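*Asks:* Structure below; questions to follow.
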Amino acid sequence: MNFRLSLLAAAVSVSLAACGGTAGLSASDAGIRNIDTLVVIYAENRGFDTLYGLFPGADGIPGVNPSSKASYIPQKDFDGSVLPILPPTWGGVTIPGQKKVITQAQSANLPNRPFQIDGPTGFDADASLITRDLVHRFYNDQMQIDGGKNDMFAAHSDAGGLVMGYYDGSKMAMWNIAKQYTLADNFYIGAFGGSFLTHQFLICACAPQYPNADKSPAAGGISKIDVDASGNFLRLTPAASMPASVLNGAPKYANDGTLTPKDGKGMYYAVNTMQPPYQPSNVAPPADDATKLYADPKQAAVLPPQTQTNIGDLLSAKNISWAWYSGAWNSTLAVAKTTRKFPAPTPNFQFHHQPFNYFEEMDPVKHAAYRAEHLKDFDASFLQDAAAGKLPTVAFYKPQGNLNQHAGYADVASGDAHIADLIEKLKKSPQWPHMMIVVTYDENGGFWDHAAPPKADKWGPGTRVPAIIVSPYAKKGYVDNSLYDTTSILRFITRRWSLPVLDGIKMRDQALLANGGKPIGDLSGALQP
């Protein structure tokens, strides 16, 4: 354990002692007490309505699912006028080289309402086809949400009308698992935007910091935004070439960068994809790095090592086992240190999907043993550990790119089958009788969802995504309407294993209360008492 973690362990010990030794669970926490192993499966880029909008009993697509709690609000143009039709999907719907090609022209003139991607009134593009990617970034998400109306998704997307597409999820294996266990239909991403930031919120409920970014190689990535008189975000500053209407072309901005402008304390935050300071990273090692274990810190894309407290720190400080398992970790690391001819043997490994690799305690030289203990390869370790009953107390799993369901390079069907098969294998583990599996999505991938996120702080929550809770102790055939977001996973860990509350969670709850809302739940509503 490094020096910083030693100090944290001491602080945790003092905190727990002040709370009566364990800050333990009460007799009313029986459901949570039953869980000894937590497995978090973190898939990619699908909104709730995108996959589960037709789910019986869930708050699904207005006008389509009779259980919906809302009416459809039509999509608007840049000027706030209702669009007469959806814009075309810029560049076409499907990526080249597949069994079905849907061109931009063929995607045009759809009515201004949600449509079924795999249906005859949509594109008849089944879930085995890879569609084009959709923009999903920090500021874009806020503009699309439009204060909770969710009526600017088509306007502030680079994919036009595709944002309004959804699938008949009843064809998915995970749909059947959701029917057997608990589907949460009020679960939101912890932060606005894309995978980079939402992965950080999964482990620390915090936005990465970049001190003095204006004097760094990353200075060109500071976003240009328009704010109101109180300094609150209004929009990305439009480019001079911004189209007059989204029906004429995708929006253009002056600088939709990786960083925020500095806040009142002079700090800059990384909110869109930056690269980890350690390999595997999409930035090569500096020429003088004989170890080939670092990314070149002089490159604009590289984020400095982070030092904020994350959930791994808290677990380690209390000697509770945990690990982050990543598909294709070992093979990608080998390529990163040698030829750097990506993709690695396993396709589409995503460097920014590995949040712990951004933190100082994962320095591959200074803290090599700690790193090896907690950052693991899925193929080499996960199934073997599960079969042997040796999974750590808290296990995160990140599927490799072609199995994570991310639009642009992965289809829906492959990841759905993979995750369902993995759950069946976990149910055969000796740890299953006291296991809880949480399957959720890092973010919505730019797809529309009708549910208004709760109003909290400047980071989120963002758009709604699916979450499925699978456990012998999960409520069976249940739709959980409790308010959750990505930080609910951290809240569960904190409550079950009596850990201190992360600062970001405190800030989130304070903001929710200040806006007349209520604190985010900790997933306990999905468990039998």
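Following the order of the structure tokens, first chain is A, next is B, and so on, with residues numbered from 1 inside each chain and ligands from 1 in the order they appear.
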Check the DSSP output for the backbone and give back, as a count of residues only, the residues of region 272-517 of chain A in strand (DSSP E).
*Replies:* 29
*Asks:* For Pro529 (chain A), work out the shell of residues within 12 Å, counting only C-alpha atoms and skipping chain neighbours fewer than 6 positions away, then give it as a PyMOL selection string.
*Replies:* chain A and resi 27-35+473-475
*Asks:* Go ahead and save the picked residues with all heavy atoms, as an mmCIF file, in the first residue's frame.
*Replies:*
```
data_model
loop_
_atom_site.group_PDB
_atom_site.id
_atom_site.type_symbol
_atom_site.label_atom_id
_atom_site.label_comp_id
_atom_site.auth_asym_id
_atom_site.auth_seq_id
_atom_site.Cartn_x
_atom_site.Cartn_y
_atom_site.Cartn_z
ATOM 1 N N ALA A 27 -30.666 -3.745 11.739
ATOM 2 C CA ALA A 27 -31.464 -4.953 11.535
ATOM 3 C C ALA A 27 -32.361 -4.832 10.312
ATOM 4 O O ALA A 27 -32.740 -5.825 9.695
ATOM 5 C CB ALA A 27 -32.295 -5.233 12.783
ATOM 6 N N SER A 28 -32.707 -3.590 9.930
ATOM 7 C CA SER A 28 -33.590 -3.381 8.780
ATOM 8 C C SER A 28 -32.861 -3.522 7.449
ATOM 9 O O SER A 28 -33.480 -3.443 6.390
ATOM 10 C CB SER A 28 -34.234 -1.986 8.865
ATOM 11 O OG SER A 28 -33.242 -0.980 8.803
ATOM 12 N N ASP A 29 -31.550 -3.729 7.496
ATOM 13 C CA ASP A 29 -30.751 -3.822 6.281
ATOM 14 C C ASP A 29 -30.497 -5.271 5.869
ATOM 15 O O ASP A 29 -29.467 -5.584 5.271
ATOM 16 C CB ASP A 29 -29.404 -3.123 6.482
ATOM 17 C CG ASP A 29 -29.560 -1.622 6.620
ATOM 18 O OD1 ASP A 29 -30.367 -1.054 5.862
ATOM 19 O OD2 ASP A 29 -28.882 -1.025 7.458
ATOM 20 N N ALA A 30 -31.446 -6.154 6.179
ATOM 21 C CA ALA A 30 -31.227 -7.585 5.931
ATOM 22 C C ALA A 30 -30.927 -7.874 4.479
ATOM 23 O O ALA A 30 -30.060 -8.689 4.155
ATOM 24 C CB ALA A 30 -32.447 -8.378 6.393
ATOM 25 N N GLY A 31 -31.624 -7.210 3.556
ATOM 26 C CA GLY A 31 -31.398 -7.462 2.135
ATOM 27 C C GLY A 31 -29.977 -7.166 1.725
ATOM 28 O O GLY A 31 -29.359 -7.921 0.966
ATOM 29 N N ILE A 32 -29.459 -6.067 2.213
ATOM 30 C CA ILE A 32 -28.082 -5.697 1.879
ATOM 31 C C ILE A 32 -27.084 -6.612 2.575
ATOM 32 O O ILE A 32 -26.058 -6.987 2.003
ATOM 33 C CB ILE A 32 -27.834 -4.219 2.252
ATOM 34 C CG1 ILE A 32 -28.625 -3.317 1.306
ATOM 35 C CG2 ILE A 32 -26.361 -3.869 2.198
ATOM 36 C CD1 ILE A 32 -28.475 -1.850 1.578
ATOM 37 N N ARG A 33 -27.384 -6.997 3.801
ATOM 38 C CA ARG A 33 -26.484 -7.883 4.552
ATOM 39 C C ARG A 33 -26.245 -9.205 3.816
ATOM 40 O O ARG A 33 -25.197 -9.835 3.960
ATOM 41 C CB ARG A 33 -27.074 -8.206 5.930
ATOM 42 C CG ARG A 33 -26.946 -7.103 6.960
ATOM 43 C CD ARG A 33 -27.588 -7.563 8.267
ATOM 44 N NE ARG A 33 -27.517 -6.556 9.295
ATOM 45 C CZ ARG A 33 -26.474 -6.380 10.109
ATOM 46 N NH1 ARG A 33 -25.412 -7.151 9.969
ATOM 47 N NH2 ARG A 33 -26.494 -5.453 11.041
ATOM 48 N N ASN A 34 -27.202 -9.639 3.051
ATOM 49 C CA ASN A 34 -27.094 -10.929 2.376
ATOM 50 C C ASN A 34 -26.087 -10.934 1.232
ATOM 51 O O ASN A 34 -25.723 -11.988 0.732
ATOM 52 C CB ASN A 34 -28.465 -11.336 1.821
ATOM 53 C CG ASN A 34 -29.422 -11.765 2.915
ATOM 54 O OD1 ASN A 34 -29.027 -12.401 3.883
ATOM 55 N ND2 ASN A 34 -30.700 -11.420 2.761
ATOM 56 N N ILE A 35 -25.661 -9.750 0.801
ATOM 57 C CA ILE A 35 -24.758 -9.651 -0.342
ATOM 58 C C ILE A 35 -23.308 -9.626 0.130
ATOM 59 O O ILE A 35 -22.896 -8.719 0.845
ATOM 60 C CB ILE A 35 -25.065 -8.396 -1.180
ATOM 61 C CG1 ILE A 35 -26.537 -8.372 -1.596
ATOM 62 C CG2 ILE A 35 -24.146 -8.324 -2.387
ATOM 63 C CD1 ILE A 35 -27.003 -9.580 -2.360
ATOM 64 N N TYR A 473 -31.334 -12.578 -4.132
ATOM 65 C CA TYR A 473 -32.081 -11.697 -3.233
ATOM 66 C C TYR A 473 -32.763 -10.549 -3.965
ATOM 67 O O TYR A 473 -33.416 -9.702 -3.341
ATOM 68 C CB TYR A 473 -31.152 -11.148 -2.143
ATOM 69 C CG TYR A 473 -30.597 -12.243 -1.276
ATOM 70 C CD1 TYR A 473 -29.330 -12.758 -1.510
ATOM 71 C CD2 TYR A 473 -31.355 -12.803 -0.253
ATOM 72 C CE1 TYR A 473 -28.825 -13.795 -0.737
ATOM 73 C CE2 TYR A 473 -30.867 -13.843 0.524
ATOM 74 C CZ TYR A 473 -29.602 -14.336 0.282
ATOM 75 O OH TYR A 473 -29.115 -15.371 1.043
ATOM 76 N N ALA A 474 -32.650 -10.501 -5.295
ATOM 77 C CA ALA A 474 -33.358 -9.476 -6.051
ATOM 78 C C ALA A 474 -34.843 -9.800 -6.095
ATOM 79 O O ALA A 474 -35.249 -10.966 -6.108
ATOM 80 C CB ALA A 474 -32.799 -9.394 -7.470
ATOM 81 N N LYS A 475 -35.650 -8.754 -6.123
ATOM 82 C CA LYS A 475 -37.083 -8.955 -6.282
ATOM 83 C C LYS A 475 -37.342 -9.553 -7.665
ATOM 84 O O LYS A 475 -36.752 -9.129 -8.656
ATOM 85 C CB LYS A 475 -37.808 -7.624 -6.117
ATOM 86 C CG LYS A 475 -37.691 -7.066 -4.698
ATOM 87 C CD LYS A 475 -38.315 -5.682 -4.566
ATOM 88 C CE LYS A 475 -38.152 -5.155 -3.146
ATOM 89 N NZ LYS A 475 -38.666 -3.767 -2.997
#
```
*Asks:* Rounded to one decimal, what separation in Å do you get between CA of Pro285 (chain A) and CA of Met362 (chain A)?
*Replies:* 16.2 Å
*Asks:* For Gly477 (chain A), list every protein, DNA or RNA residue within 8 Å, evaluated using only C-alpha atoms, and leave out those in the same chain fewer than 3 positions away; present the list as a list in words.
*Replies:*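 Listed by chain and then number, they are Ala178, Lys179, Gln180, Tyr181 and Thr182 of chain A.
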*Asks:* How about saving the chosen residues, all heavy atoms kept, as an mmCIF file, in the first residue's frame?
*Replies:*
```
data_model
loop_
_atom_site.group_PDB
_atom_site.id
_atom_site.type_symbol
_atom_site.label_atom_id
_atom_site.label_comp_id
_atom_site.auth_asym_id
_atom_site.auth_seq_id
_atom_site.Cartn_x
_atom_site.Cartn_y
_atom_site.Cartn_z
ATOM 1 N N ALA A 178 -34.113 -9.611 -17.300
ATOM 2 C CA ALA A 178 -34.786 -8.504 -16.608
ATOM 3 C C ALA A 178 -36.179 -8.925 -16.137
ATOM 4 O O ALA A 178 -36.627 -8.521 -15.057
ATOM 5 C CB ALA A 178 -34.871 -7.293 -17.527
ATOM 6 N N LYS A 179 -36.876 -9.734 -16.933
ATOM 7 C CA LYS A 179 -38.207 -10.214 -16.547
ATOM 8 C C LYS A 179 -38.143 -11.140 -15.329
ATOM 9 O O LYS A 179 -39.084 -11.200 -14.526
ATOM 10 C CB LYS A 179 -38.852 -10.963 -17.718
ATOM 11 C CG LYS A 179 -39.338 -10.049 -18.842
ATOM 12 C CD LYS A 179 -39.839 -10.848 -20.027
ATOM 13 C CE LYS A 179 -41.020 -11.706 -19.687
ATOM 14 N NZ LYS A 179 -41.531 -12.448 -20.876
ATOM 15 N N GLN A 180 -37.014 -11.830 -15.168
ATOM 16 C CA GLN A 180 -36.876 -12.755 -14.048
ATOM 17 C C GLN A 180 -36.446 -12.072 -12.758
ATOM 18 O O GLN A 180 -36.770 -12.541 -11.661
ATOM 19 C CB GLN A 180 -35.840 -13.827 -14.394
ATOM 20 C CG GLN A 180 -36.196 -14.707 -15.568
ATOM 21 C CD GLN A 180 -35.028 -15.578 -15.995
ATOM 22 O OE1 GLN A 180 -34.354 -16.184 -15.152
ATOM 23 N NE2 GLN A 180 -34.779 -15.641 -17.286
ATOM 24 N N TYR A 181 -35.730 -10.976 -12.894
ATOM 25 C CA TYR A 181 -35.169 -10.300 -11.719
ATOM 26 C C TYR A 181 -35.711 -8.870 -11.642
ATOM 27 O O TYR A 181 -36.919 -8.677 -11.748
ATOM 28 C CB TYR A 181 -33.644 -10.372 -11.764
ATOM 29 C CG TYR A 181 -33.121 -11.776 -11.647
ATOM 30 C CD1 TYR A 181 -32.796 -12.529 -12.786
ATOM 31 C CD2 TYR A 181 -32.978 -12.392 -10.408
ATOM 32 C CE1 TYR A 181 -32.349 -13.832 -12.685
ATOM 33 C CE2 TYR A 181 -32.521 -13.702 -10.287
ATOM 34 C CZ TYR A 181 -32.207 -14.423 -11.432
ATOM 35 O OH TYR A 181 -31.761 -15.718 -11.312
ATOM 36 N N THR A 182 -34.853 -7.873 -11.459
ATOM 37 C CA THR A 182 -35.314 -6.488 -11.289
ATOM 38 C C THR A 182 -34.748 -5.586 -12.372
ATOM 39 O O THR A 182 -33.535 -5.567 -12.605
ATOM 40 C CB THR A 182 -34.904 -5.943 -9.905
ATOM 41 O OG1 THR A 182 -35.580 -6.680 -8.878
ATOM 42 C CG2 THR A 182 -35.273 -4.468 -9.774
#
```
*Asks:* Ranking A:Ala191, A:Ile130, A:Val135, A:Met164 by minimum distance to Pro111 (chain A) and counting only C-alpha atoms, which one comes first?
*Replies:*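 Smallest separation from Pro111 (chain A) among the options: A:Met164.
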*Asks:* Which one is closest to Ala154 (chain A): A:Asn45, A:Gly446, A:Gly194, A:Trp329? Count only C-alpha atoms.
*Replies:*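 Between A:Asn45, A:Gly446, A:Gly194, A:Trp329, the residue approaching Ala154 (chain A) most closely is A:Gly446.
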*Asks:* Rounded to one decimal, what separation in Å do you get between CA of Phe138 (chain A) and CA of Phe192 (chain A)?
*Replies:*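 Here the two named atoms are 5.0 Å from each other.
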*Asks:* Could you name the residues that touch region 76-91 of chain A at 7 Å or less, counting only C-alpha atoms, but leaving out those on the same chain fewer than 3 positions away, as a PDB file with N, CA, C and O atoms, in the first residue's frame?
*Replies:*
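To be explicit, this is the file written out as around_4.pdb:
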```pdb
ATOM      1  N   THR A 103     -28.534   4.221 -46.538  1.00  0.00           N
ATOM      2  CA  THR A 103     -27.881   5.479 -46.888  1.00  0.00           C
ATOM      3  C   THR A 103     -28.546   6.665 -46.196  1.00  0.00           C
ATOM      4  O   THR A 103     -29.652   6.563 -45.642  1.00  0.00           O
ATOM      5  N   GLN A 104     -27.860   7.799 -46.280  1.00  0.00           N
ATOM      6  CA  GLN A 104     -28.419   9.032 -45.722  1.00  0.00           C
ATOM      7  C   GLN A 104     -29.761   9.354 -46.376  1.00  0.00           C
ATOM      8  O   GLN A 104     -30.730   9.707 -45.696  1.00  0.00           O
ATOM      9  N   SER A 107     -32.641   7.423 -45.090  1.00  0.00           N
ATOM     10  CA  SER A 107     -32.999   7.709 -43.699  1.00  0.00           C
ATOM     11  C   SER A 107     -33.829   8.971 -43.546  1.00  0.00           C
ATOM     12  O   SER A 107     -34.273   9.300 -42.444  1.00  0.00           O
ATOM     13  N   ALA A 108     -34.039   9.693 -44.623  1.00  0.00           N
ATOM     14  CA  ALA A 108     -34.690  11.002 -44.560  1.00  0.00           C
ATOM     15  C   ALA A 108     -36.209  10.888 -44.454  1.00  0.00           C
ATOM     16  O   ALA A 108     -36.806   9.856 -44.753  1.00  0.00           O
ATOM     17  N   ASN A 109     -36.811  11.999 -43.964  1.00  0.00           N
ATOM     18  CA  ASN A 109     -38.267  12.207 -43.962  1.00  0.00           C
ATOM     19  C   ASN A 109     -39.031  11.339 -42.976  1.00  0.00           C
ATOM     20  O   ASN A 109     -40.236  11.109 -43.155  1.00  0.00           O
ATOM     21  N   LEU A 110     -38.372  10.875 -41.935  1.00  0.00           N
ATOM     22  CA  LEU A 110     -39.106  10.158 -40.894  1.00  0.00           C
ATOM     23  C   LEU A 110     -39.942  11.144 -40.086  1.00  0.00           C
ATOM     24  O   LEU A 110     -39.537  12.284 -39.855  1.00  0.00           O
ATOM     25  N   PRO A 111     -41.121  10.732 -39.615  1.00  0.00           N
ATOM     26  CA  PRO A 111     -41.950  11.613 -38.790  1.00  0.00           C
ATOM     27  C   PRO A 111     -41.229  12.007 -37.494  1.00  0.00           C
ATOM     28  O   PRO A 111     -40.340  11.289 -37.025  1.00  0.00           O
ATOM     29  N   ASN A 112     -41.615  13.122 -36.931  1.00  0.00           N
ATOM     30  CA  ASN A 112     -41.009  13.638 -35.706  1.00  0.00           C
ATOM     31  C   ASN A 112     -41.562  12.880 -34.510  1.00  0.00           C
ATOM     32  O   ASN A 112     -42.431  13.357 -33.771  1.00  0.00           O
ATOM     33  N   ASP A 151     -36.018  17.620 -25.779  1.00  0.00           N
ATOM     34  CA  ASP A 151     -36.568  17.915 -27.104  1.00  0.00           C
ATOM     35  C   ASP A 151     -35.530  18.454 -28.087  1.00  0.00           C
ATOM     36  O   ASP A 151     -35.890  18.895 -29.180  1.00  0.00           O
ATOM     37  N   MET A 152     -34.230  18.390 -27.714  1.00  0.00           N
ATOM     38  CA  MET A 152     -33.195  18.903 -28.611  1.00  0.00           C
ATOM     39  C   MET A 152     -32.176  17.828 -28.973  1.00  0.00           C
ATOM     40  O   MET A 152     -31.047  18.129 -29.339  1.00  0.00           O
ATOM     41  N   ALA A 155     -31.495  17.980 -32.756  1.00  0.00           N
ATOM     42  CA  ALA A 155     -30.813  19.217 -33.135  1.00  0.00           C
ATOM     43  C   ALA A 155     -29.335  19.182 -32.778  1.00  0.00           C
ATOM     44  O   ALA A 155     -28.482  19.593 -33.569  1.00  0.00           O
ATOM     45  N   ASP A 158     -24.732  14.783 -34.192  1.00  0.00           N
ATOM     46  CA  ASP A 158     -24.106  14.684 -35.510  1.00  0.00           C
ATOM     47  C   ASP A 158     -24.701  13.521 -36.300  1.00  0.00           C
ATOM     48  O   ASP A 158     -24.244  13.213 -37.396  1.00  0.00           O
ATOM     49  N   ALA A 159     -25.718  12.864 -35.730  1.00  0.00           N
ATOM     50  CA  ALA A 159     -26.318  11.695 -36.384  1.00  0.00           C
ATOM     51  C   ALA A 159     -27.772  11.928 -36.760  1.00  0.00           C
ATOM     52  O   ALA A 159     -28.476  10.979 -37.108  1.00  0.00           O
ATOM     53  N   GLY A 160     -28.245  13.168 -36.681  1.00  0.00           N
ATOM     54  CA  GLY A 160     -29.590  13.487 -37.136  1.00  0.00           C
ATOM     55  C   GLY A 160     -30.661  12.652 -36.477  1.00  0.00           C
ATOM     56  O   GLY A 160     -30.672  12.435 -35.263  1.00  0.00           O
ATOM     57  N   GLY A 161     -31.597  12.140 -37.295  1.00  0.00           N
ATOM     58  CA  GLY A 161     -32.766  11.456 -36.781  1.00  0.00           C
ATOM     59  C   GLY A 161     -32.496  10.138 -36.091  1.00  0.00           C
ATOM     60  O   GLY A 161     -33.372   9.629 -35.374  1.00  0.00           O
ATOM     61  N   LEU A 162     -31.320   9.547 -36.273  1.00  0.00           N
ATOM     62  CA  LEU A 162     -31.028   8.258 -35.637  1.00  0.00           C
ATOM     63  C   LEU A 162     -31.175   8.324 -34.121  1.00  0.00           C
ATOM     64  O   LEU A 162     -31.454   7.306 -33.483  1.00  0.00           O
ATOM     65  N   SER A 245     -30.614  25.608 -39.784  1.00  0.00           N
ATOM     66  CA  SER A 245     -31.545  24.571 -39.345  1.00  0.00           C
ATOM     67  C   SER A 245     -30.834  23.231 -39.354  1.00  0.00           C
ATOM     68  O   SER A 245     -29.980  22.974 -40.210  1.00  0.00           O
ATOM     69  N   VAL A 246     -31.216  22.352 -38.417  1.00  0.00           N
ATOM     70  CA  VAL A 246     -30.614  21.018 -38.386  1.00  0.00           C
ATOM     71  C   VAL A 246     -31.059  20.202 -39.590  1.00  0.00           C
ATOM     72  O   VAL A 246     -30.426  19.187 -39.933  1.00  0.00           O
ATOM     73  N   LEU A 247     -32.116  20.620 -40.278  1.00  0.00           N
ATOM     74  CA  LEU A 247     -32.519  19.926 -41.503  1.00  0.00           C
ATOM     75  C   LEU A 247     -31.544  20.181 -42.644  1.00  0.00           C
ATOM     76  O   LEU A 247     -31.552  19.462 -43.649  1.00  0.00           O
TER      77      LEU A 247
END
```
*Asks:* Identify all residues of region 249-399 of chain A in helix (DSSP H, G or I) (DSSP on the backbone) and supply them as a PyMOL selection string.
*Replies:* chain A and resi 311-317+329-337+351-353+355-358+360-362+368-374+378-387
*Asks:* Using the selection just defined, write its residues with N, CA and C atoms as a tab-separated table (two decimals), in the first residue's frame.
*Replies:*
```
chain	number	residue	atom	x	y	z
A	311	ILE	N	-13.29	4.75	-5.10
A	311	ILE	CA	-13.83	3.64	-4.30
A	311	ILE	C	-12.80	2.56	-4.04
A	312	GLY	N	-11.85	2.39	-4.96
A	312	GLY	CA	-10.78	1.43	-4.73
A	312	GLY	C	-9.94	1.81	-3.52
A	313	ASP	N	-9.66	3.10	-3.37
A	313	ASP	CA	-8.92	3.57	-2.20
A	313	ASP	C	-9.64	3.20	-0.91
A	314	LEU	N	-10.94	3.44	-0.88
A	314	LEU	CA	-11.72	3.18	0.33
A	314	LEU	C	-11.78	1.69	0.65
A	315	LEU	N	-11.95	0.87	-0.38
A	315	LEU	CA	-11.98	-0.58	-0.15
A	315	LEU	C	-10.62	-1.09	0.32
A	316	SER	N	-9.56	-0.63	-0.33
A	316	SER	CA	-8.21	-1.07	0.05
A	316	SER	C	-7.87	-0.64	1.47
A	317	ALA	N	-8.31	0.55	1.85
A	317	ALA	CA	-8.01	1.05	3.19
A	317	ALA	C	-8.63	0.19	4.27
A	329	TRP	N	-7.30	-6.73	-21.88
A	329	TRP	CA	-6.32	-5.91	-21.14
A	329	TRP	C	-4.89	-6.37	-21.42
A	330	ASN	N	-4.62	-7.66	-21.24
A	330	ASN	CA	-3.25	-8.15	-21.40
A	330	ASN	C	-2.75	-8.01	-22.84
A	331	SER	N	-3.58	-8.37	-23.80
A	331	SER	CA	-3.14	-8.31	-25.19
A	331	SER	C	-2.92	-6.86	-25.63
A	332	THR	N	-3.75	-5.95	-25.17
A	332	THR	CA	-3.59	-4.55	-25.54
A	332	THR	C	-2.36	-3.95	-24.89
A	333	LEU	N	-2.10	-4.30	-23.64
A	333	LEU	CA	-0.91	-3.80	-22.96
A	333	LEU	C	0.35	-4.28	-23.67
A	334	ALA	N	0.35	-5.52	-24.12
A	334	ALA	CA	1.53	-6.05	-24.83
A	334	ALA	C	1.78	-5.27	-26.12
A	335	VAL	N	0.71	-4.96	-26.85
A	335	VAL	CA	0.86	-4.18	-28.08
A	335	VAL	C	1.28	-2.75	-27.76
A	336	ALA	N	0.71	-2.19	-26.70
A	336	ALA	CA	1.04	-0.81	-26.32
A	336	ALA	C	2.52	-0.65	-25.99
A	337	LYS	N	3.13	-1.70	-25.45
A	337	LYS	CA	4.54	-1.63	-25.06
A	337	LYS	C	5.49	-2.01	-26.19
A	351	PHE	N	-9.17	2.66	-24.46
A	351	PHE	CA	-8.26	3.08	-23.39
A	351	PHE	C	-8.98	3.92	-22.33
A	352	HIS	N	-9.92	4.76	-22.76
A	352	HIS	CA	-10.59	5.65	-21.82
A	352	HIS	C	-11.71	4.96	-21.04
A	353	HIS	N	-11.91	3.66	-21.26
A	353	HIS	CA	-12.87	2.89	-20.49
A	353	HIS	C	-12.23	2.23	-19.27
A	355	PRO	N	-10.98	3.42	-15.96
A	355	PRO	CA	-10.86	4.63	-15.13
A	355	PRO	C	-9.77	4.59	-14.08
A	356	PHE	N	-9.49	3.42	-13.50
A	356	PHE	CA	-8.46	3.37	-12.46
A	356	PHE	C	-7.07	3.65	-13.03
A	357	ASN	N	-6.90	3.45	-14.33
A	357	ASN	CA	-5.60	3.66	-14.96
A	357	ASN	C	-5.23	5.14	-15.06
A	358	TYR	N	-6.09	6.00	-14.60
A	358	TYR	CA	-5.81	7.44	-14.58
A	358	TYR	C	-5.29	7.90	-13.21
A	360	GLU	N	-3.02	8.03	-9.62
A	360	GLU	CA	-1.61	8.00	-9.22
A	360	GLU	C	-1.23	6.68	-8.56
A	361	GLU	N	-2.15	6.08	-7.80
A	361	GLU	CA	-1.80	4.84	-7.10
A	361	GLU	C	-1.64	3.66	-8.05
A	362	MET	N	-1.96	3.85	-9.33
A	362	MET	CA	-1.77	2.80	-10.33
A	362	MET	C	-0.50	3.02	-11.15
A	368	ALA	N	3.65	-1.05	-8.64
A	368	ALA	CA	3.43	-2.19	-9.54
A	368	ALA	C	2.62	-3.30	-8.89
A	369	ALA	N	2.89	-3.62	-7.64
A	369	ALA	CA	2.20	-4.72	-6.98
A	369	ALA	C	0.73	-4.39	-6.76
A	370	TYR	N	0.46	-3.18	-6.32
A	370	TYR	CA	-0.92	-2.74	-6.10
A	370	TYR	C	-1.68	-2.78	-7.42
A	371	ARG	N	-1.05	-2.30	-8.47
A	371	ARG	CA	-1.67	-2.29	-9.79
A	371	ARG	C	-2.01	-3.71	-10.25
A	372	ALA	N	-1.07	-4.61	-10.12
A	372	ALA	CA	-1.29	-5.99	-10.56
A	372	ALA	C	-2.41	-6.67	-9.78
A	373	GLU	N	-2.55	-6.29	-8.52
A	373	GLU	CA	-3.59	-6.88	-7.68
A	373	GLU	C	-4.98	-6.46	-8.12
A	374	HIS	N	-5.10	-5.24	-8.66
A	374	HIS	CA	-6.43	-4.67	-8.88
A	374	HIS	C	-6.82	-4.45	-10.34
A	378	PHE	N	-9.74	-9.89	-18.14
A	378	PHE	CA	-10.94	-10.72	-18.04
A	378	PHE	C	-10.68	-12.15	-18.50
A	379	ASP	N	-10.08	-12.29	-19.67
A	379	ASP	CA	-9.91	-13.62	-20.26
A	379	ASP	C	-8.99	-14.51	-19.43
A	380	ALA	N	-8.02	-13.89	-18.78
A	380	ALA	CA	-7.07	-14.68	-18.01
A	380	ALA	C	-7.55	-15.00	-16.61
A	381	SER	N	-8.51	-14.20	-16.09
A	381	SER	CA	-8.79	-14.30	-14.66
A	381	SER	C	-10.26	-14.43	-14.27
A	382	PHE	N	-11.16	-13.71	-14.94
A	382	PHE	CA	-12.50	-13.54	-14.37
A	382	PHE	C	-13.27	-14.84	-14.24
A	383	LEU	N	-13.44	-15.57	-15.33
A	383	LEU	CA	-14.23	-16.78	-15.28
A	383	LEU	C	-13.58	-17.83	-14.38
A	384	GLN	N	-12.25	-17.87	-14.40
A	384	GLN	CA	-11.54	-18.80	-13.53
A	384	GLN	C	-11.78	-18.46	-12.06
A	385	ASP	N	-11.71	-17.16	-11.73
A	385	ASP	CA	-11.95	-16.74	-10.35
A	385	ASP	C	-13.40	-17.03	-9.94
A	386	ALA	N	-14.34	-16.79	-10.85
A	386	ALA	CA	-15.75	-17.05	-10.54
A	386	ALA	C	-16.00	-18.53	-10.30
A	387	ALA	N	-15.45	-19.38	-11.16
A	387	ALA	CA	-15.67	-20.82	-11.03
A	387	ALA	C	-15.06	-21.37	-9.75
```
*Asks:* Applying 12 Å and only C-alpha atoms, which residues near Gly63 (chain A) remain after dropping the ones on its own chain fewer than 3 positions away? List them as a ChimeraX atom specification.
*Replies:* /A:53-54,59-60,66-74,113-115,450
*Asks:* Which residue out of A:Gly231, A:Ala413, A:Leu303, A:Gly221 has the minimum interatomic distance to Asp118 (chain A) when only C-alpha atoms are used?
*Replies:*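 The answer is A:Ala413, which sits nearest to Asp118 (chain A).
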*Asks:* Which polymer residues have any atom within 10 Å of an atom of region 434-439 of chain A, counting only C-alpha atoms, with same-chain residues fewer than 2 positions away left out, as JSON, numbers by chain?
*Replies:* {"A": [32, 33, 34, 35, 36, 37, 38, 39, 40, 41, 42, 43, 174, 178, 182, 183, 393, 394, 395, 396, 397, 419, 420, 423, 426, 427, 429, 430, 431, 432, 441, 466, 467, 468, 469, 470, 471, 472, 473, 474, 489, 523, 527]}
*Asks:* Hey, can you check how far CA of Ala270 (chain A) sits from CA of Lys518 (chain A)?
*Replies:*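 One can read the CA of Ala270 (chain A) to CA of Lys518 (chain A) distance as 27.6 Å.
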*Asks:* Using only C-alpha atoms, can you tell me which of A:Pro392, A:Gly190, A:Gly504, A:Pro96 comes closest to Leu202 (chain A)?
*Replies:*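 Of A:Pro392, A:Gly190, A:Gly504, A:Pro96, the one nearest Leu202 (chain A), counting only C-alpha atoms, is A:Gly190.
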*Asks:* Find the residue from A:Pro461, A:Gly249, A:Gly516, A:Gly445 that sits nearest to Cys206 (chain A); use only C-alpha atoms when measuring.
*Replies:*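 Checking each candidate against Cys206 (chain A), we get A:Pro461 as the closest.
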